[in-house]
file model_27.txt (compact mmCIF, C-alpha atoms and all ligand atoms)
# COMPACT_ATOMS: atom_id res chain seq x y z
CA MET G 1 -65.26 82.23 -114.51
CA THR G 2 -62.61 83.19 -117.01
CA VAL G 3 -63.04 79.89 -118.81
CA ALA G 4 -66.79 80.32 -118.99
CA LEU G 5 -66.35 83.81 -120.35
CA ALA G 6 -63.83 82.69 -122.90
CA LEU G 7 -66.37 80.14 -124.10
CA ALA G 8 -69.15 82.70 -124.13
CA PHE G 9 -67.13 85.04 -126.28
CA GLY G 10 -65.47 82.30 -128.24
CA THR G 11 -67.34 83.06 -131.43
CA LEU G 12 -66.83 86.78 -131.21
CA ALA G 13 -63.96 88.97 -132.32
CA PRO G 14 -61.31 89.69 -129.67
CA LEU G 15 -61.40 93.03 -127.89
CA HIS G 16 -57.94 94.25 -128.87
CA GLY G 17 -55.81 92.32 -131.31
CA THR G 18 -55.44 88.58 -130.85
CA SER G 19 -53.03 88.36 -127.91
CA GLY G 20 -55.74 87.41 -125.37
CA GLY G 21 -53.33 88.07 -122.52
CA GLU G 22 -54.06 87.86 -118.85
CA THR G 23 -54.85 91.58 -118.56
CA VAL G 24 -57.45 91.37 -121.27
CA GLU G 25 -59.04 88.32 -119.66
CA LYS G 26 -59.16 90.03 -116.28
CA ASN G 27 -60.58 93.08 -117.97
CA ARG G 28 -63.38 90.94 -119.30
CA GLU G 29 -64.39 89.41 -116.00
CA ALA G 30 -67.95 90.49 -115.37
CA ARG G 31 -67.68 91.48 -111.73
CA TYR G 32 -69.53 94.79 -111.52
CA GLY G 33 -73.22 95.07 -110.75
CA LEU G 34 -75.75 97.27 -112.46
CA ASP G 35 -75.74 99.83 -109.61
CA HIS G 36 -72.03 100.44 -110.20
CA VAL G 37 -72.51 100.97 -113.95
CA VAL G 38 -75.47 103.27 -113.47
CA ARG G 39 -73.57 105.33 -110.89
CA GLU G 40 -70.36 105.53 -112.94
CA THR G 41 -72.14 106.56 -116.13
CA GLY G 42 -74.97 108.66 -114.73
CA THR G 43 -77.48 106.59 -116.67
CA LYS G 44 -80.70 104.71 -116.13
CA LEU G 45 -81.48 101.22 -117.35
CA GLN G 46 -84.50 100.15 -119.33
CA TRP G 47 -84.81 96.40 -119.50
CA ASP G 48 -86.91 94.64 -122.12
CA PRO G 49 -87.56 91.21 -120.60
CA TYR G 50 -89.24 89.93 -123.76
CA ARG G 51 -86.26 90.53 -126.03
CA GLY G 52 -83.61 90.32 -123.35
CA ILE G 53 -82.25 93.71 -124.37
CA GLY G 54 -81.06 96.35 -121.92
CA THR G 55 -80.75 100.04 -122.72
CA LEU G 56 -78.68 102.44 -120.67
CA TRP G 57 -79.69 106.01 -121.32
CA ASN G 58 -78.82 109.49 -120.24
CA GLY G 59 -80.56 112.41 -121.89
CA GLU G 60 -80.11 112.08 -125.62
CA THR G 61 -77.70 109.15 -125.53
CA SER G 62 -78.65 105.51 -125.24
CA VAL G 63 -76.71 102.28 -125.53
CA SER G 64 -78.58 99.02 -126.12
CA PHE G 65 -77.00 95.69 -125.36
CA ARG G 66 -77.89 92.06 -125.12
CA PRO G 67 -76.09 90.07 -122.40
CA GLY G 68 -73.94 87.38 -123.96
CA SER G 69 -73.43 89.42 -127.13
CA SER G 70 -70.57 91.86 -127.52
CA ILE G 71 -72.45 94.08 -129.94
CA ALA G 72 -73.93 97.22 -128.43
CA LEU G 73 -75.68 100.04 -130.21
CA GLU G 74 -75.38 103.70 -129.42
CA ASN G 75 -78.60 105.55 -130.22
CA TYR G 76 -79.82 102.51 -132.17
CA GLN G 77 -77.24 103.25 -134.86
CA THR G 78 -73.58 103.27 -133.95
CA LYS G 79 -72.05 99.88 -133.31
CA HIS G 80 -69.76 99.33 -130.32
CA HIS G 81 -67.86 96.23 -129.37
CA ILE G 82 -68.49 95.75 -125.64
CA PRO G 83 -67.70 92.24 -124.43
CA GLY G 84 -68.19 91.27 -120.82
CA ILE G 85 -71.89 91.76 -120.20
CA GLU G 86 -73.59 88.78 -118.65
CA ARG G 87 -76.88 87.91 -117.06
CA HIS G 88 -77.24 85.06 -114.60
CA ASP G 89 -80.40 84.32 -112.65
CA GLY G 90 -81.79 87.67 -113.71
CA VAL G 91 -78.75 89.62 -112.43
CA LEU G 92 -76.66 91.74 -114.81
CA ARG G 93 -72.87 91.75 -114.42
CA PHE G 94 -70.41 93.95 -116.29
CA SER G 95 -66.67 93.65 -116.90
CA GLU G 96 -64.29 96.50 -116.14
CA GLY G 97 -63.80 96.94 -119.89
CA ALA G 98 -67.54 97.22 -120.41
CA VAL G 99 -67.86 99.80 -117.63
CA GLU G 100 -65.00 101.85 -119.12
CA THR G 101 -66.52 101.74 -122.60
CA PHE G 102 -69.92 102.83 -121.28
CA LYS G 103 -68.23 105.67 -119.36
CA SER G 104 -66.46 106.89 -122.48
CA ILE G 105 -69.66 106.77 -124.55
CA PHE G 106 -71.71 108.69 -122.01
CA ALA G 107 -68.91 111.16 -121.23
CA VAL G 108 -68.43 112.33 -124.80
CA PRO G 109 -71.14 114.59 -126.15
CA ASP G 110 -72.81 113.23 -129.23
CA GLU G 111 -72.39 114.60 -132.68
CA PRO G 112 -75.50 116.70 -133.22
CA THR G 113 -78.00 114.23 -134.65
CA GLU G 114 -80.55 115.08 -137.26
CA GLU G 115 -83.86 116.05 -135.72
CA ARG G 116 -86.71 113.63 -135.99
CA ARG G 117 -89.29 114.96 -138.34
CA VAL G 118 -92.53 113.91 -139.95
CA GLY G 119 -91.70 114.31 -143.63
CA ALA G 120 -95.03 113.29 -145.11
CA ILE G 121 -98.54 112.22 -144.15
CA PHE G 122 -100.27 109.53 -146.14
CA VAL G 123 -104.06 109.82 -145.89
CA ASP G 124 -105.79 106.62 -146.95
CA PRO G 125 -109.57 106.62 -147.41
CA GLY G 126 -110.49 102.93 -147.31
CA HIS G 127 -112.16 100.98 -150.11
CA GLY G 128 -113.39 102.77 -153.28
CA GLY G 129 -114.59 101.93 -156.78
CA ARG G 130 -116.07 98.46 -156.96
CA ASP G 131 -115.35 97.97 -153.24
CA PRO G 132 -117.98 100.06 -151.38
CA GLY G 133 -116.86 98.91 -147.92
CA THR G 134 -119.70 98.56 -145.46
CA ILE G 135 -123.14 99.82 -146.45
CA GLY G 136 -125.76 101.11 -144.07
CA ARG G 137 -129.41 100.75 -145.16
CA HIS G 138 -132.13 102.26 -143.05
CA THR G 139 -135.71 103.37 -143.42
CA VAL G 140 -136.14 107.07 -142.83
CA ASN G 141 -139.63 108.57 -143.09
CA GLY G 142 -140.74 105.51 -145.02
CA GLU G 143 -137.94 105.81 -147.56
CA LEU G 144 -134.73 103.86 -148.05
CA PHE G 145 -131.67 105.71 -146.80
CA GLU G 146 -128.36 104.21 -147.92
CA ILE G 147 -124.85 105.23 -146.95
CA LYS G 148 -121.56 103.73 -148.14
CA GLU G 149 -118.30 103.60 -146.24
CA LYS G 150 -116.24 104.46 -149.33
CA ASP G 151 -118.08 107.80 -149.74
CA ILE G 152 -117.94 108.84 -146.08
CA VAL G 153 -114.24 108.14 -145.71
CA LEU G 154 -113.35 109.89 -148.99
CA ASP G 155 -115.14 113.04 -147.81
CA ILE G 156 -113.36 112.99 -144.45
CA ALA G 157 -110.01 112.27 -146.14
CA HIS G 158 -110.38 115.26 -148.48
CA GLN G 159 -111.15 117.55 -145.57
CA LEU G 160 -108.33 116.10 -143.48
CA ALA G 161 -105.80 116.46 -146.31
CA GLY G 162 -106.94 120.07 -146.80
CA LEU G 163 -106.39 120.87 -143.13
CA LEU G 164 -102.98 119.20 -143.17
CA GLU G 165 -101.93 120.99 -146.36
CA ASP G 166 -102.87 124.35 -144.86
CA ARG G 167 -100.89 123.67 -141.70
CA TYR G 168 -97.91 121.82 -143.18
CA ARG G 169 -97.01 123.51 -146.43
CA ASP G 170 -93.48 122.11 -146.34
CA ARG G 171 -94.52 118.47 -146.06
CA ALA G 172 -96.03 116.10 -148.55
CA ILE G 173 -99.69 115.31 -147.91
CA VAL G 174 -100.51 112.29 -150.06
CA MET G 175 -103.94 110.74 -150.56
CA SER G 176 -104.15 107.11 -151.65
CA ARG G 177 -107.21 108.03 -153.73
CA THR G 178 -108.90 111.32 -154.44
CA GLY G 179 -111.93 109.88 -156.24
CA ASP G 180 -114.09 106.78 -156.34
CA THR G 181 -111.34 104.43 -157.49
CA TYR G 182 -110.36 100.94 -156.52
CA LEU G 183 -106.97 100.22 -154.97
CA THR G 184 -105.69 97.04 -153.41
CA LEU G 185 -104.31 97.14 -149.91
CA GLU G 186 -100.89 96.25 -151.34
CA GLU G 187 -100.99 99.23 -153.68
CA ARG G 188 -101.83 101.57 -150.83
CA THR G 189 -99.06 100.37 -148.55
CA GLU G 190 -96.45 100.10 -151.31
CA TRP G 191 -97.21 103.65 -152.29
CA ALA G 192 -97.02 104.87 -148.70
CA ASN G 193 -93.71 103.06 -148.24
CA SER G 194 -92.29 104.72 -151.33
CA VAL G 195 -93.20 108.33 -150.49
CA PRO G 196 -89.83 110.12 -150.71
CA ILE G 197 -88.51 111.47 -147.41
CA HIS G 198 -85.17 112.66 -146.12
CA PRO G 199 -82.99 110.77 -143.64
CA GLY G 200 -84.37 111.13 -140.12
CA GLU G 201 -87.90 111.66 -141.44
CA VAL G 202 -90.92 109.39 -141.20
CA VAL G 203 -94.20 109.11 -143.06
CA LEU G 204 -97.39 108.88 -141.01
CA PHE G 205 -99.94 106.41 -142.36
CA VAL G 206 -103.55 107.23 -141.51
CA SER G 207 -106.23 104.95 -142.92
CA ILE G 208 -109.85 106.01 -142.54
CA HIS G 209 -112.73 103.56 -142.37
CA ALA G 210 -116.31 103.24 -141.14
CA ASN G 211 -117.62 100.37 -139.09
CA ALA G 212 -120.45 97.86 -139.31
CA SER G 213 -121.94 95.52 -136.75
CA LEU G 214 -124.70 92.93 -136.57
CA ASN G 215 -125.70 94.77 -133.42
CA SER G 216 -127.58 97.75 -134.82
CA ARG G 217 -127.07 99.64 -131.58
CA ALA G 218 -123.25 99.56 -131.80
CA SER G 219 -121.87 103.07 -132.28
CA GLY G 220 -118.77 105.14 -131.69
CA PHE G 221 -115.27 105.70 -133.01
CA GLU G 222 -112.11 103.73 -132.39
CA VAL G 223 -108.50 103.79 -133.52
CA TRP G 224 -106.41 100.75 -134.37
CA TYR G 225 -102.67 100.29 -134.27
CA LEU G 226 -100.43 97.42 -135.22
CA SER G 227 -100.24 94.54 -132.79
CA PRO G 228 -96.63 94.04 -131.63
CA GLU G 229 -97.03 90.27 -132.05
CA VAL G 230 -96.52 90.79 -135.78
CA PRO G 231 -93.00 92.04 -136.40
CA ARG G 232 -92.32 93.98 -139.57
CA ASP G 233 -89.42 92.84 -141.74
CA GLY G 234 -86.98 94.85 -143.79
CA LEU G 235 -87.29 98.07 -141.78
CA VAL G 236 -83.52 98.40 -141.77
CA THR G 237 -81.35 97.77 -144.83
CA PRO G 238 -77.55 97.56 -145.04
CA THR G 239 -77.64 100.88 -146.90
CA SER G 240 -79.96 102.70 -144.51
CA ALA G 241 -78.12 101.44 -141.41
CA GLY G 242 -74.61 101.58 -142.81
CA VAL G 243 -73.85 98.08 -141.53
CA LYS G 244 -73.72 94.65 -143.13
CA ASP G 245 -73.61 92.34 -140.12
CA PRO G 246 -76.84 90.25 -140.36
CA GLN G 247 -77.05 89.87 -136.58
CA LEU G 248 -76.75 93.59 -136.10
CA LEU G 249 -79.25 94.31 -138.86
CA SER G 250 -81.70 91.93 -137.21
CA LEU G 251 -81.24 93.67 -133.87
CA LEU G 252 -81.69 97.09 -135.49
CA ASN G 253 -84.81 95.83 -137.23
CA THR G 254 -86.22 94.61 -133.90
CA ILE G 255 -85.53 97.94 -132.26
CA ARG G 256 -87.06 99.90 -135.15
CA ASP G 257 -90.10 97.63 -135.15
CA GLU G 258 -90.63 98.34 -131.45
CA GLU G 259 -90.17 102.06 -132.03
CA LEU G 260 -92.77 101.98 -134.81
CA THR G 261 -95.23 100.20 -132.56
CA ILE G 262 -94.74 102.77 -129.81
CA GLU G 263 -95.06 105.64 -132.29
CA SER G 264 -98.21 104.04 -133.73
CA ILE G 265 -99.73 103.73 -130.24
CA LEU G 266 -98.92 107.37 -129.49
CA LEU G 267 -100.42 108.48 -132.80
CA ALA G 268 -103.54 106.34 -132.16
CA GLN G 269 -103.89 107.79 -128.65
CA SER G 270 -103.53 111.33 -129.95
CA VAL G 271 -106.10 110.87 -132.74
CA LEU G 272 -108.50 109.22 -130.30
CA GLU G 273 -108.22 112.26 -128.03
CA GLY G 274 -108.72 114.58 -131.01
CA LEU G 275 -111.90 112.75 -132.01
CA ASP G 276 -113.12 112.71 -128.43
CA GLU G 277 -112.88 116.50 -128.40
CA THR G 278 -114.83 117.04 -131.62
CA VAL G 279 -117.44 114.25 -131.62
CA GLY G 280 -117.24 112.79 -128.09
CA GLU G 281 -120.49 114.49 -127.13
CA HIS G 282 -122.32 112.79 -130.01
CA THR G 283 -121.03 109.26 -129.92
CA GLY G 284 -118.98 106.80 -127.90
CA ASN G 285 -115.21 106.58 -127.58
CA ARG G 286 -114.46 102.87 -128.10
CA GLY G 287 -110.78 103.33 -127.35
CA ILE G 288 -107.60 102.04 -128.92
CA LYS G 289 -107.57 98.58 -130.42
CA LYS G 290 -104.69 96.47 -131.53
CA GLU G 291 -105.01 93.95 -134.26
CA SER G 292 -102.97 92.91 -137.20
CA TRP G 293 -104.57 94.61 -140.17
CA TYR G 294 -102.74 93.80 -143.35
CA VAL G 295 -102.76 97.38 -144.59
CA VAL G 296 -101.13 98.54 -141.40
CA ARG G 297 -98.79 95.60 -140.94
CA GLU G 298 -97.10 96.17 -144.27
CA ALA G 299 -96.66 99.87 -143.70
CA LYS G 300 -93.10 100.52 -142.53
CA MET G 301 -94.06 103.67 -140.64
CA PRO G 302 -96.17 104.80 -137.69
CA SER G 303 -99.57 103.58 -138.81
CA ILE G 304 -103.11 103.80 -137.59
CA LEU G 305 -106.55 102.91 -138.82
CA VAL G 306 -109.42 105.15 -137.75
CA GLU G 307 -112.95 103.76 -137.60
CA VAL G 308 -115.11 106.88 -137.56
CA GLY G 309 -118.45 105.30 -136.69
CA PHE G 310 -121.04 102.62 -137.49
CA VAL G 311 -123.10 102.84 -140.67
CA THR G 312 -125.26 100.02 -139.29
CA ASN G 313 -126.53 102.25 -136.49
CA LYS G 314 -129.37 104.38 -137.85
CA GLU G 315 -128.67 107.45 -135.73
CA GLU G 316 -124.95 107.31 -136.47
CA ALA G 317 -125.55 106.68 -140.18
CA LEU G 318 -127.65 109.83 -140.32
CA ARG G 319 -124.91 111.78 -138.56
CA LEU G 320 -122.33 110.38 -141.00
CA ALA G 321 -124.43 111.79 -143.83
CA GLU G 322 -124.08 115.34 -142.47
CA ASP G 323 -121.28 117.53 -143.82
CA GLU G 324 -120.90 119.21 -140.47
CA TYR G 325 -120.35 115.90 -138.70
CA LEU G 326 -117.77 114.73 -141.26
CA ASN G 327 -116.06 118.08 -140.78
CA LYS G 328 -115.87 117.45 -137.03
CA LEU G 329 -114.40 114.00 -137.64
CA ALA G 330 -111.78 115.45 -140.00
CA HIS G 331 -110.89 118.14 -137.46
CA GLY G 332 -110.61 115.55 -134.69
CA ILE G 333 -108.22 113.40 -136.71
CA TYR G 334 -106.28 116.49 -137.79
CA THR G 335 -105.88 117.70 -134.19
CA GLY G 336 -104.66 114.27 -133.16
CA ILE G 337 -102.06 114.16 -135.93
CA HIS G 338 -100.97 117.73 -135.21
CA ASN G 339 -100.49 117.05 -131.49
CA PHE G 340 -98.59 113.86 -132.26
CA ILE G 341 -96.22 115.73 -134.58
CA LYS G 342 -95.60 118.42 -131.97
CA ASP G 343 -94.60 115.78 -129.42
CA PHE G 344 -92.68 113.71 -131.96
CA GLU G 345 -90.54 116.63 -133.01
CA ARG G 346 -90.40 117.99 -129.45
CA ARG G 347 -91.10 121.56 -130.41
CA GLU G 348 -94.05 123.83 -130.98
ZN ZN J 1 -113.28 99.61 -144.08

call {"tool": "encode", "arguments": {"input": "model_27.txt", "output": "structure tokens"}}
result
Amino acid sequence: MTVALALAFGTLAPLHGTSGGETVEKNREARYGLDHVVRETGTKLQWDPYRGIGTLWNGETSVSFRPGSSIALENYQTKHHIPGIERHDGVLRFSEGAVETFKSIFAVPDEPTEERRVGAIFVDPGHGGRDPGTIGRHTVNGELFEIKEKDIVLDIAHQLAGLLEDRYRDRAIVMSRTGDTYLTLEERTEWANSVPIHPGEVVLFVSIHANASLNSRASGFEVWYLSPEVPRDGLVTPTSAGVKDPQLLSLLNTIRDEELTIESILLAQSVLEGLDETVGEHTGNRGIKKESWYVVREAKMPSILVEVGFVTNKEEALRLAEDEYLNKLAHGIYTGIHNFIKDFERRE
């Protein structure tokens, strides 16, 4: 056992100095089960089978670890050296040293951490300028009725930004375009990524689009979020994380990527509920979808894409031409964002 452990930790820095005496080796023997650790620390375990990462947590404090690695992270930020965590045949074992370190982390109250806050909201009306997006063409009373995605989403975006500005005077509300101008997807996401925020703050990315289908009966709204199968890179930098270790940076990036996906899902869910309240009686709720949209994938922030309805459906196209209906859509999205922020910041 000791030999196997010595091999397992062979590439890692020693726990204390370089003596490697018998006491240290014994200290490292992974002989305690998870139940013991959980009891001793008053924590619960979350296990991510996909990444092979465990997280012990208790209230505001969490410690993430990967069996076989001696690097553990307190609250996804502070690095601890905790050798002696193993996993064999699906069973976690902890050394005495690991148990003691966990106990000391969970016993000491944390430094007050900066509150999570939404620092800015980036409202992105899709398309624009020479890119009209989808176009709905229908015959109404013998005349051609045409409606363009770029116009609908700009109208909604203006109303949404107005509602957000009224409610959040201390936060930046940024629109990717305020007129009929053309922007590439890269320009939109680069801009959103560069909106200045303070440490502990995030930007919310909300892209607004309208749908089209070959099936002229298709109707309803839906909200997209980033598929977790597409990990974002560069979420964590040596400067932002205060660490240089590439392995640790990679782990931090993975954790942040997962957090962003969860936050995006929660934002999508909240906006879907908001829309259901304001326009659910008029059209269908098509639910949350996950797919890798470029514009969302490159955004290093909680990101969603709202499809407000189908311009290819005559009834819906006519609704989307009404100011009152666009106002309802804007209010629905606004309510969803507002409720998300309340939960995200855990206060009224
Ligand atoms: Zn679109």

call {"tool": "residues_near_ligand", "arguments": {"input": "model_27.txt", "ligand": "ligand ZN 1 (chain J)", "cutoff": "12 Å", "atoms": "only C-alpha atoms and all ligand atoms", "output": "PyMOL selection string"}}
result
chain G and resi 124-128+131-135+148-154+185+207-212+224+293+295+305-311

call {"tool": "residues_around", "arguments": {"input": "model_27.txt", "residues": "G:Val206", "least_positions_apart": "6", "cutoff": "12 Å", "atoms": "only C-alpha atoms", "output": "ChimeraX atom specification"}}
result
/G:120-126,153,156-157,160-161,173-176,188-189,192,223-225,264,267-268,271,295-296,299,301-307,330,333-334,336-337

call {"tool": "residues_around", "arguments": {"input": "model_27.txt", "residues": "G:Arg137", "least_positions_apart": "3", "cutoff": "10 Å", "atoms": "only C-alpha atoms", "output": "mmCIF file with C-alpha atoms, in the frame of the given file"}}
result
data_model
loop_
_atom_site.group_PDB
_atom_site.id
_atom_site.type_symbol
_atom_site.label_atom_id
_atom_site.label_comp_id
_atom_site.auth_asym_id
_atom_site.auth_seq_id
_atom_site.Cartn_x
_atom_site.Cartn_y
_atom_site.Cartn_z
ATOM 1 C CA THR G 134 -119.700 98.560 -145.460
ATOM 2 C CA VAL G 140 -136.140 107.070 -142.830
ATOM 3 C CA LEU G 144 -134.730 103.860 -148.050
ATOM 4 C CA PHE G 145 -131.670 105.710 -146.800
ATOM 5 C CA GLU G 146 -128.360 104.210 -147.920
ATOM 6 C CA ILE G 147 -124.850 105.230 -146.950
ATOM 7 C CA LYS G 148 -121.560 103.730 -148.140
ATOM 8 C CA VAL G 311 -123.100 102.840 -140.670
ATOM 9 C CA THR G 312 -125.260 100.020 -139.290
ATOM 10 C CA ASN G 313 -126.530 102.250 -136.490
ATOM 11 C CA LYS G 314 -129.370 104.380 -137.850
ATOM 12 C CA ALA G 317 -125.550 106.680 -140.180
#

call {"tool": "closest_residue", "arguments": {"input": "model_27.txt", "among": "G:Gly179, G:Gly284, G:Gly97, G:Gly52", "to": "G:Arg31", "atoms": "only C-alpha atoms"}}
result
G:Gly97

call {"tool": "atom_distance", "arguments": {"input": "model_27.txt", "atom1": "atom CA of G:Asp257", "atom2": "atom CA of G:Thr43"}}
result
24.1 Å

call {"tool": "atom_distance", "arguments": {"input": "model_27.txt", "atom1": "atom CA of G:Pro83", "atom2": "atom CA of G:Ser250"}}
result
19.0 Å

call {"tool": "residues_around", "arguments": {"input": "model_27.txt", "residues": "G:Val37", "least_positions_apart": "6", "cutoff": "9 Å", "atoms": "all atoms listed in the file", "output": "list of chain:residue names"}}
result
G:Thr43, G:Phe94, G:Ala98, G:Val99, G:Phe102, G:Lys103

call {"tool": "atom_distance", "arguments": {"input": "model_27.txt", "atom1": "atom CA of G:Leu320", "atom2": "atom CA of G:His138"}}
result
12.9 Å

call {"tool": "decode", "arguments": {"input": "model_27.txt", "residues": "stretch 311-325 of chain G", "atoms": "N, CA and C atoms", "output": "CSV table (one decimal), in the first residue's frame"}}
result
chain,number,residue,atom,x,y,z
G,311,VAL,N,-41.4,33.5,-37.8
G,311,VAL,CA,-41.9,34.5,-38.8
G,311,VAL,C,-42.6,33.7,-40.0
G,312,THR,N,-42.3,32.4,-40.1
G,312,THR,CA,-42.8,31.6,-41.2
G,312,THR,C,-44.3,31.1,-40.9
G,313,ASN,N,-44.7,31.4,-39.7
G,313,ASN,CA,-46.1,31.1,-39.3
G,313,ASN,C,-46.9,32.3,-39.5
G,314,LYS,N,-47.9,32.3,-40.3
G,314,LYS,CA,-48.7,33.6,-40.6
G,314,LYS,C,-49.2,34.2,-39.4
G,315,GLU,N,-49.9,33.4,-38.6
G,315,GLU,CA,-50.5,34.0,-37.4
G,315,GLU,C,-49.5,34.6,-36.5
G,316,GLU,N,-48.4,33.9,-36.3
G,316,GLU,CA,-47.3,34.4,-35.4
G,316,GLU,C,-46.6,35.6,-36.0
G,317,ALA,N,-46.4,35.6,-37.3
G,317,ALA,CA,-45.8,36.7,-38.0
G,317,ALA,C,-46.6,38.0,-37.8
G,318,LEU,N,-48.0,37.8,-37.8
G,318,LEU,CA,-48.8,39.0,-37.6
G,318,LEU,C,-48.7,39.5,-36.2
G,319,ARG,N,-48.6,38.5,-35.2
G,319,ARG,CA,-48.5,38.9,-33.8
G,319,ARG,C,-47.1,39.7,-33.7
G,320,LEU,N,-46.1,39.2,-34.3
G,320,LEU,CA,-44.8,39.8,-34.2
G,320,LEU,C,-44.7,41.1,-34.8
G,321,ALA,N,-45.7,41.5,-35.6
G,321,ALA,CA,-45.7,42.8,-36.1
G,321,ALA,C,-46.5,43.8,-35.2
G,322,GLU,N,-47.0,43.3,-34.1
G,322,GLU,CA,-47.8,44.2,-33.2
G,322,GLU,C,-46.8,44.7,-32.1
G,323,ASP,N,-46.9,46.0,-31.9
G,323,ASP,CA,-46.1,46.6,-30.8
G,323,ASP,C,-46.4,46.0,-29.4
G,324,GLU,N,-47.7,45.8,-29.2
G,324,GLU,CA,-48.1,45.2,-27.9
G,324,GLU,C,-47.5,43.8,-27.7
G,325,TYR,N,-47.4,43.0,-28.7
G,325,TYR,CA,-46.9,41.7,-28.6
G,325,TYR,C,-45.4,41.7,-28.3
